[in-house]
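Below: one structure, written as structure tokens.
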Amino acid sequence: MKVLTEYLWFNTPARREMVRITDQVAQIVERSQVKEGIALVSAMHITSGVYVNDWEGGLIEDFGVWLEKLAPSGRDYRHHQTGEDNADAHLKRTIMGHQVVLPITRGKLDLGPWEQVFYAEFDGQRKKRVIVKVMGE
Amino acid sequence: MKVLTEYLWFNTPARREMVRITDQVAQIVERSQVKEGIALVSAMHITSGVYVNDWEGGLIEDFGVWLEKLAPSGRDYRHHQTGEDNADAHLKRTIMGHQVVLPITRGKLDLGPWEQVFYAEFDGQRKKRVIVKVMGE
Amino acid sequence: MKVLTEYLWFNTPARREMVRITDQVAQIVERSQVKEGIALVSAMHITSGVYVNDWEGGLIEDFGVWLEKLAPSGRDYRHHQTGEDNADAHLKRTIMGHQVVLPITRGKLDLGPWEQVFYAEFDGQRKKRVIVKVMGE
């Protein structure tokens with residue numbers, strides 16, 4: 001079995017940002033030389049996520065509005081008694097999910113026609129990591 | 001390591017539908033001859049999902065009502081400026097999740113007594129795929 | 001390839017409870033002697049989940065309040081016509097997620113500085129299981 005582990009670093013200019021990472025993950029899969037297997041792509045910080053959905057600016061804005069409605073910022077969360085102000089980021093990332101497992105077939109990511117992989121930052125403007133672990137043969 | 005990849009096709013009569021796929025996944029696991037490992041079951045379209053929950057008609061209806069409340073259809077989503085009308089389907093599938101990783105033990109899906117695997121369609125009436133990738137030994 | 005499967009049992013005193021299980025999973029990873037691979041941690045009951053987030057009491061309370069808002073208990077769910085009273089637990093676990101796949105690097109869980117693994121019980125006070133399947137080399 002082959003295993004390759006790499007880390008992607010992010011430091012987004014905005015506090016909240018969706019960053020498309022499909023190509024970076026595809027390059028790691030290529031470097032791994034895995035032909036049949038999986039790539040785990042998982043946020044290592046607990047106020048960001050990783051998800052698969054559409055690469056369409058309007059929908060990405062819809063996600064932002066929707067997440068703010070379901071998990072509003074600026075509320076009086078108990079978590080903020082620690083001095084933090086990012087409880088909503090923990091909740092938002094829970095809705096989006098913090099990891100995906102991508103299938104690899106014949107040496108490539110086996111994604112549907114519209115599937116794109118995104119890093120979802122909800123408390124950015126500082127360095128954060130995503131692990132990509134490729135396993136297979 | 002053994003790897004087997006198969007694709008399930010769906011074309012649901014209704015726009016929204018939950019389809020139980022536990023048996024189809026179990027048959028693929030059997031064909032794979034994997035005794036210890038995992039089966040990744042992942043929707044390849046971004047308006048459908050895959051989830052594990054109860055095979056009980058009332059609860060499945062509850063999911064539909066609940067998802068419509070959390071991610072309503074017929075709103076003025078930005079995504080619809082592209083001509084699409086299915087932004088809610090992208091959101092609903094995000095709540096349900098788009099993939100599961102099922103454990104395989106002694107050659108069988110190692111599921112709890114009530115765990116059933118479902119394909120969740122939120123924009124159906126057309127051909128869509130789910131990948132099933134079985135890996136192990 | 002090495003594979004080790006173990007089961008964690010829970011019987012929480014409260015109906016709803018978040019139980020930190022990072023150390024138990026880490027011990028299973030150590031027993032597996034897997035140096036590079038993954039650990040699937042998955043709830044085997046459909047009214048509980050497994051998630052990764054912060055080990056901070058205030059945030060854990062925030063999760064409880066938030067989940068009750070998004071998926072309230074005590075409503076007239078169709079599922080309750082079967083005699084059950086736990087439809088909200090099925091919904092809450094859907095938001096939190098029912099499984100995680102944890103990376104293993106150099107023989108240890110490869111988690112970020114604040115990542116902790118939790119078992120999320122939404123209908124406890126009875127025996128329930130989580131499967132931990134470690135795979136790799």
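Each chain in the structure tokens gets a letter, A, B and so on, in the order shown; residues start at 1 in every chain, and ligands are counted from 1 in the order they appear.
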Listing only residues of region 13-124 of chain A within 9 Å of region 80-100 of chain B, what is the closest atom pair and its distance in Å (to one decimal) for each, using only C-alpha atoms, sorted by chain and residue number ascending, as a tab-separated table?
```
residue	atom	partner	partner_atom	distance
A:Tyr51	CA	B:Thr94	CA	8.5
A:Val52	CA	B:His98	CA	8.2
A:Asn53	CA	B:His90	CA	7.4
A:Asp54	CA	B:His90	CA	8.2
A:Glu56	CA	B:Thr82	CA	8.9
A:Gly58	CA	B:Gln81	CA	7.5
A:Leu59	CA	B:Ala87	CA	6.8
A:Asp62	CA	B:Ala87	CA	8.0
A:Phe63	CA	B:Leu91	CA	7.4
A:Trp66	CA	B:Leu91	CA	8.4
A:Ile95	CA	B:Ile95	CA	6.2
A:Met96	CA	B:Thr94	CA	6.3
A:Gly97	CA	B:Gly97	CA	7.9
A:Val100	CA	B:Gln99	CA	8.0
A:Val101	CA	B:Gln99	CA	8.1
```
Please return as a VMD selection string: the residues of region 13-132 of chain A that backbone DSSP assigns to strand (DSSP E). chain A and resid 17 to 20 37 to 43 48 to 53 99 to 105 108 to 109 116 to 121 128 to 132
Skip region 15-20 of chain A itself and residues of its chain fewer than 6 positions away, then list as a ChimeraX atom specification all residues within 9 Å of it, counting only C-alpha atoms. /A:55,60,64,89,116-126
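Every protein, DNA or RNA residue with an atom at most 8 Å from Lys128 (chain A), where only C-alpha atoms count and chain neighbours fewer than 2 positions away do not, is listed here: Trp9, Phe10, Asn11, Met44, His45, Gly124, Arg126 and Val130 of chain A.
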Preceding selection exported with N, CA, C and O atoms as a PDB file, in the first residue's frame:
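File written: selection.pdb
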```pdb
ATOM      1  N   TRP A   9      -1.564  24.882   3.464  1.00  0.00           N
ATOM      2  CA  TRP A   9      -1.632  26.010   4.391  1.00  0.00           C
ATOM      3  C   TRP A   9      -2.520  27.116   3.834  1.00  0.00           C
ATOM      4  O   TRP A   9      -2.501  27.385   2.630  1.00  0.00           O
ATOM      5  N   PHE A  10      -3.275  27.743   4.707  1.00  0.00           N
ATOM      6  CA  PHE A  10      -4.150  28.851   4.313  1.00  0.00           C
ATOM      7  C   PHE A  10      -3.960  30.015   5.276  1.00  0.00           C
ATOM      8  O   PHE A  10      -3.729  29.796   6.469  1.00  0.00           O
ATOM      9  N   ASN A  11      -4.071  31.203   4.744  1.00  0.00           N
ATOM     10  CA  ASN A  11      -4.106  32.405   5.572  1.00  0.00           C
ATOM     11  C   ASN A  11      -4.957  33.398   4.784  1.00  0.00           C
ATOM     12  O   ASN A  11      -4.445  34.228   4.042  1.00  0.00           O
ATOM     13  N   MET A  44      -7.659  20.858   9.831  1.00  0.00           N
ATOM     14  CA  MET A  44      -6.998  20.583  11.109  1.00  0.00           C
ATOM     15  C   MET A  44      -7.320  21.638  12.164  1.00  0.00           C
ATOM     16  O   MET A  44      -6.850  21.544  13.303  1.00  0.00           O
ATOM     17  N   HIS A  45      -8.124  22.622  11.804  1.00  0.00           N
ATOM     18  CA  HIS A  45      -8.575  23.639  12.748  1.00  0.00           C
ATOM     19  C   HIS A  45     -10.093  23.530  12.846  1.00  0.00           C
ATOM     20  O   HIS A  45     -10.752  23.158  11.884  1.00  0.00           O
ATOM     21  N   GLY A 124     -10.687  33.311   9.628  1.00  0.00           N
ATOM     22  CA  GLY A 124      -9.394  33.350   8.949  1.00  0.00           C
ATOM     23  C   GLY A 124      -8.495  34.487   9.400  1.00  0.00           C
ATOM     24  O   GLY A 124      -8.499  34.890  10.545  1.00  0.00           O
ATOM     25  N   ARG A 126      -5.412  34.172   9.639  1.00  0.00           N
ATOM     26  CA  ARG A 126      -4.274  33.573  10.356  1.00  0.00           C
ATOM     27  C   ARG A 126      -3.979  32.216   9.723  1.00  0.00           C
ATOM     28  O   ARG A 126      -4.795  31.674   8.995  1.00  0.00           O
ATOM     29  N   VAL A 130      -4.762  22.149   6.343  1.00  0.00           N
ATOM     30  CA  VAL A 130      -5.595  21.018   5.935  1.00  0.00           C
ATOM     31  C   VAL A 130      -4.661  19.863   5.648  1.00  0.00           C
ATOM     32  O   VAL A 130      -3.650  20.034   4.961  1.00  0.00           O
TER      33      VAL A 130
END
```
Name the residues of region 84-136 of chain A that come out as helix (DSSP H, G or I) in a backbone DSSP run; write them as a short mmCIF file (atom, residue, chain, number, x, y, z; two decimals) with N, CA and C atoms, in the first residue's frame.
```
data_model
loop_
_atom_site.label_atom_id
_atom_site.label_comp_id
_atom_site.auth_asym_id
_atom_site.auth_seq_id
_atom_site.Cartn_x
_atom_site.Cartn_y
_atom_site.Cartn_z
N ALA A 87 -17.64 31.51 18.17
CA ALA A 87 -18.49 30.32 18.34
C ALA A 87 -19.25 30.01 17.05
N ASP A 88 -19.72 31.06 16.37
CA ASP A 88 -20.47 30.81 15.13
C ASP A 88 -19.63 30.06 14.12
N ALA A 89 -18.32 30.30 14.11
CA ALA A 89 -17.44 29.61 13.16
C ALA A 89 -17.40 28.11 13.44
N HIS A 90 -17.41 27.74 14.72
CA HIS A 90 -17.46 26.32 15.08
C HIS A 90 -18.76 25.67 14.59
N LEU A 91 -19.85 26.43 14.70
CA LEU A 91 -21.15 25.89 14.27
C LEU A 91 -21.24 25.82 12.75
N LYS A 92 -20.79 26.88 12.09
CA LYS A 92 -20.87 26.91 10.62
C LYS A 92 -20.07 25.76 10.01
N ARG A 93 -18.87 25.51 10.57
CA ARG A 93 -18.07 24.44 9.99
C ARG A 93 -18.72 23.08 10.22
N THR A 94 -19.51 22.97 11.29
CA THR A 94 -20.21 21.72 11.56
C THR A 94 -21.25 21.45 10.47
N ILE A 95 -21.94 22.49 10.04
CA ILE A 95 -22.92 22.31 8.95
C ILE A 95 -22.24 21.92 7.65
N MET A 96 -21.15 22.58 7.32
CA MET A 96 -20.49 22.31 6.04
C MET A 96 -19.73 20.99 6.05
#
```
I need the residue nearest Thr5 (chain A) from this list: A:Trp114, A:Ile131, A:Thr47, A:Gly136. Use only C-alpha atoms for the distance.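 Among the listed residues, the smallest separation from Thr5 (chain A) belongs to A:Ile131.
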B:Leu111, B:Val65, B:Ala71, B:Ala14 ranked by distance to chain A, top pick (using only C-alpha atoms): B:Ala71
I want to know what sits within 8 Å of Leu109 (chain B), based on only C-alpha atoms, with residues of the same chain fewer than 4 positions away left out; could you give that as a list in words?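 After dropping sequence-adjacent residues, the list is Ala26, Val29, Leu102, Pro103, Ile104 and Thr105 of chain B.
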